[in-house]
file model_28.txt (compact mmCIF, C-alpha atoms)
# COMPACT_ATOMS: atom_id res chain seq x y z
CA MET A 1 40.90 13.31 -4.23
CA THR A 2 43.37 10.66 -3.19
CA GLU A 3 42.66 7.10 -2.16
CA GLU A 4 43.08 8.01 1.50
CA THR A 5 40.24 9.92 3.10
CA ALA A 6 38.27 12.91 1.97
CA PRO A 7 39.42 16.22 3.43
CA ALA A 8 37.44 17.28 6.48
CA HIS A 9 36.83 20.82 5.29
CA SER A 10 34.15 21.27 2.64
CA LYS A 11 35.94 24.07 0.79
CA ARG A 12 39.15 22.02 0.54
CA LEU A 13 37.18 19.09 -0.85
CA GLY A 14 35.39 21.48 -3.22
CA ARG A 15 38.70 22.82 -4.50
CA GLU A 16 39.99 19.30 -5.09
CA LEU A 17 36.82 18.25 -6.91
CA ALA A 18 36.88 21.33 -9.14
CA MET A 19 40.56 20.74 -9.99
CA GLU A 20 39.96 17.07 -10.77
CA PHE A 21 36.98 17.83 -13.00
CA LEU A 22 38.88 20.57 -14.84
CA PHE A 23 41.77 18.15 -15.33
CA ALA A 24 39.40 15.52 -16.73
CA CYS A 25 37.82 18.10 -19.05
CA GLU A 26 41.22 19.20 -20.26
CA SER A 27 42.10 15.60 -21.07
CA LYS A 28 38.94 15.42 -23.20
CA GLN A 29 39.60 18.93 -24.58
CA GLU A 30 36.16 20.23 -23.68
CA LEU A 31 34.42 22.24 -20.97
CA PRO A 32 31.15 20.39 -20.42
CA GLY A 33 28.21 21.79 -18.55
CA ALA A 34 26.55 21.26 -15.21
CA ALA A 35 24.99 17.89 -16.12
CA GLU A 36 28.40 16.33 -16.79
CA PHE A 37 29.72 17.86 -13.59
CA ASP A 38 26.88 16.21 -11.65
CA VAL A 39 27.76 12.84 -13.20
CA PHE A 40 31.41 13.35 -12.28
CA LEU A 41 30.55 14.30 -8.70
CA GLU A 42 28.26 11.31 -8.31
CA SER A 43 30.96 8.95 -9.57
CA VAL A 44 33.46 10.43 -7.08
CA ARG A 45 30.92 10.12 -4.27
CA GLU A 46 30.40 6.46 -5.09
CA GLU A 47 34.08 5.65 -5.69
CA PHE A 48 35.21 7.14 -2.40
CA GLN A 49 32.04 6.17 -0.55
CA LEU A 50 31.38 9.72 0.54
CA GLU A 51 28.33 10.09 2.70
CA ASP A 52 25.59 12.42 1.58
CA ASN A 53 25.91 14.86 4.45
CA ARG A 54 26.17 18.59 4.96
CA ASN A 55 29.94 18.60 4.42
CA THR A 56 29.82 16.80 1.06
CA ARG A 57 26.86 18.89 -0.11
CA ARG A 58 28.74 22.08 0.77
CA ALA A 59 31.86 20.72 -0.98
CA ARG A 60 29.81 19.94 -4.08
CA ASP A 61 28.29 23.44 -4.11
CA TYR A 62 31.71 25.04 -3.70
CA ALA A 63 33.18 22.85 -6.45
CA VAL A 64 30.40 23.91 -8.80
CA ARG A 65 31.02 27.59 -8.02
CA LEU A 66 34.75 27.18 -8.65
CA TYR A 67 34.23 25.21 -11.85
CA GLU A 68 31.83 27.84 -13.18
CA ALA A 69 34.26 30.64 -12.26
CA VAL A 70 37.02 28.92 -14.22
CA ALA A 71 34.78 27.99 -17.15
CA CYS A 72 33.44 31.55 -17.49
CA ASN A 73 36.81 33.26 -17.02
CA GLN A 74 39.38 30.75 -18.29
CA GLU A 75 40.99 33.07 -20.83
CA GLU A 76 41.56 35.79 -18.21
CA ILE A 77 42.69 33.24 -15.61
CA ASP A 78 45.17 31.63 -18.00
CA SER A 79 46.47 35.07 -18.95
CA VAL A 80 47.06 35.93 -15.30
CA ILE A 81 48.86 32.64 -14.66
CA SER A 82 50.96 32.99 -17.81
CA ALA A 83 52.02 36.50 -16.82
CA HIS A 84 53.37 35.17 -13.51
CA CYS A 85 54.95 31.91 -14.72
CA ARG A 86 58.31 33.37 -15.53
CA ASN A 87 60.15 31.32 -18.15
CA TRP A 88 57.35 28.72 -18.25
CA ASP A 89 54.77 28.22 -20.96
CA MET A 90 51.33 27.16 -19.68
CA GLU A 91 51.52 24.11 -21.95
CA ARG A 92 54.70 22.94 -20.19
CA LEU A 93 52.97 22.79 -16.81
CA SER A 94 51.47 19.49 -15.77
CA GLY A 95 47.71 19.33 -16.18
CA VAL A 96 47.27 18.91 -12.44
CA ASP A 97 49.42 21.95 -11.60
CA ARG A 98 47.79 24.09 -14.29
CA ASN A 99 44.30 23.29 -12.98
CA ILE A 100 45.27 23.76 -9.33
CA MET A 101 46.41 27.26 -10.27
CA ARG A 102 43.27 27.89 -12.34
CA VAL A 103 41.10 27.08 -9.34
CA ALA A 104 43.20 29.26 -7.02
CA VAL A 105 43.30 32.22 -9.39
CA ALA A 106 39.56 31.93 -10.05
CA GLU A 107 39.00 32.03 -6.31
CA MET A 108 41.34 35.02 -5.95
CA LEU A 109 39.62 36.95 -8.75
CA THR A 110 35.97 36.12 -8.13
CA PHE A 111 35.55 35.15 -4.46
CA PRO A 112 36.28 38.35 -2.51
CA GLU A 113 35.23 36.69 0.75
CA VAL A 114 38.22 34.31 0.56
CA PRO A 115 41.56 35.89 1.53
CA HIS A 116 44.20 35.39 -1.15
CA VAL A 117 46.55 33.74 1.34
CA VAL A 118 43.92 31.07 1.99
CA SER A 119 43.59 30.36 -1.74
CA ILE A 120 47.36 30.10 -2.00
CA ASP A 121 47.77 27.86 1.05
CA GLU A 122 45.04 25.54 -0.15
CA ALA A 123 46.52 25.35 -3.66
CA VAL A 124 49.96 24.55 -2.24
CA GLY A 125 48.51 21.83 -0.02
CA ILE A 126 46.58 20.30 -2.91
CA ALA A 127 49.68 20.47 -5.12
CA ARG A 128 51.75 18.68 -2.49
CA ASP A 129 49.09 15.97 -2.17
CA PHE A 130 48.57 15.49 -5.91
CA SER A 131 51.82 16.56 -7.52
CA GLY A 132 54.68 16.80 -5.02
CA VAL A 133 56.64 19.23 -2.88
CA GLU A 134 58.44 20.88 -5.80
CA ALA A 135 55.13 21.57 -7.54
CA GLY A 136 53.80 23.06 -4.32
CA ASN A 137 56.80 25.38 -4.08
CA PHE A 138 56.44 26.45 -7.73
CA ILE A 139 52.70 27.08 -7.35
CA ASN A 140 53.34 29.03 -4.16
CA GLY A 141 55.73 31.34 -6.01
CA VAL A 142 53.40 31.90 -8.95
CA LEU A 143 50.33 32.53 -6.79
CA ASN A 144 52.19 34.87 -4.43
CA SER A 145 53.22 36.86 -7.48
CA VAL A 146 49.55 36.99 -8.55
CA LYS A 147 48.53 38.10 -5.05
CA ASN A 148 51.18 40.83 -4.97
CA SER A 149 50.13 42.17 -8.36
CA GLN A 150 46.47 42.18 -7.27
CA SER A 151 47.41 44.15 -4.13
CA GLN A 152 49.25 46.73 -6.23
CA GLN A 153 46.22 47.19 -8.50
CA LYS A 154 43.94 48.14 -5.61

call {"tool": "encode", "arguments": {"input": "model_28.txt", "output": "structure tokens"}}
result
Amino acid sequence: MTEETAPAHSKRLGRELAMEFLFACESKQELPGAAEFDVFLESVREEFQLEDNRNTRRARDYAVRLYEAVACNQEEIDSVISAHCRNWDMERLSGVDRNIMRVAVAEMLTFPEVPHVVSIDEAVGIARDFSGVEAGNFINGVLNSVKNSQSQQK
């Protein structure tokens, strides 16, 4: 989340929270459990003075679902991303970009109720907010390639 205001949509906020927590975990080189995630979410709520309302509760629940999807399927998710990052090693990607894509691919693979184009659009928007326009364009290309390969498998 940026210093400005929290996104109005709970799923967008949930995606951002999941990405930020995954980024923090990667910096510490660990995937902690639900208790640490609760501490993280509480610190974000306090730092950004988020009200405890339906929107933030829904965002928190969605962030937890996304985090768990990545934590349980990270090897598969990273493999999918790597296969579509032509001429790029996962380690060369910025931590923010890598975790934005992890969240999006987790959503694409494990949340059938969310259209792939929504996951992609949200990831691109988050990348532009947190990383820049070029990162958004790169992520858009990678995730569209993932989407196209998923469509061909069906």

call {"tool": "closest_residue", "arguments": {"input": "model_28.txt", "among": "A:Asp78, A:Ala135, A:Val70, A:Gln153", "to": "Glu91 of chain A", "atoms": "only C-alpha atoms"}}
result
A:Asp78

call {"tool": "atom_distance", "arguments": {"input": "model_28.txt", "atom1": "atom CA of Phe138 of chain A", "atom2": "atom CA of Met101 of chain A"}}
result
10.4 Å

call {"tool": "atom_distance", "arguments": {"input": "model_28.txt", "atom1": "atom CA of Gly14 of chain A", "atom2": "atom CA of Lys28 of chain A"}}
result
21.2 Å

call {"tool": "closest_residue", "arguments": {"input": "model_28.txt", "among": "A:Phe37, A:Phe21, A:Trp88, A:Tyr62", "to": "Ile100 of chain A", "atoms": "all atoms listed in the file"}}
result
A:Phe21

call {"tool": "closest_residue", "arguments": {"input": "model_28.txt", "among": "A:Glu134, A:Glu107, A:Asp121, A:Asp38", "to": "Arg65 of chain A", "atoms": "only C-alpha atoms"}}
result
A:Glu107

call {"tool": "residues_near_point", "arguments": {"input": "model_28.txt", "point": "(48.8, 26.9, -16.5)", "cutoff": "9 Å", "atoms": "all atoms listed in the file", "output": "VMD selection string"}}
result
chain A and resid 77 to 79 81 to 82 85 88 to 95 97 to 102

call {"tool": "closest_residue", "arguments": {"input": "model_28.txt", "among": "A:Ala83, A:Leu13, A:Ala24, A:Ala35", "to": "Asn55 of chain A", "atoms": "all atoms listed in the file"}}
result
A:Leu13
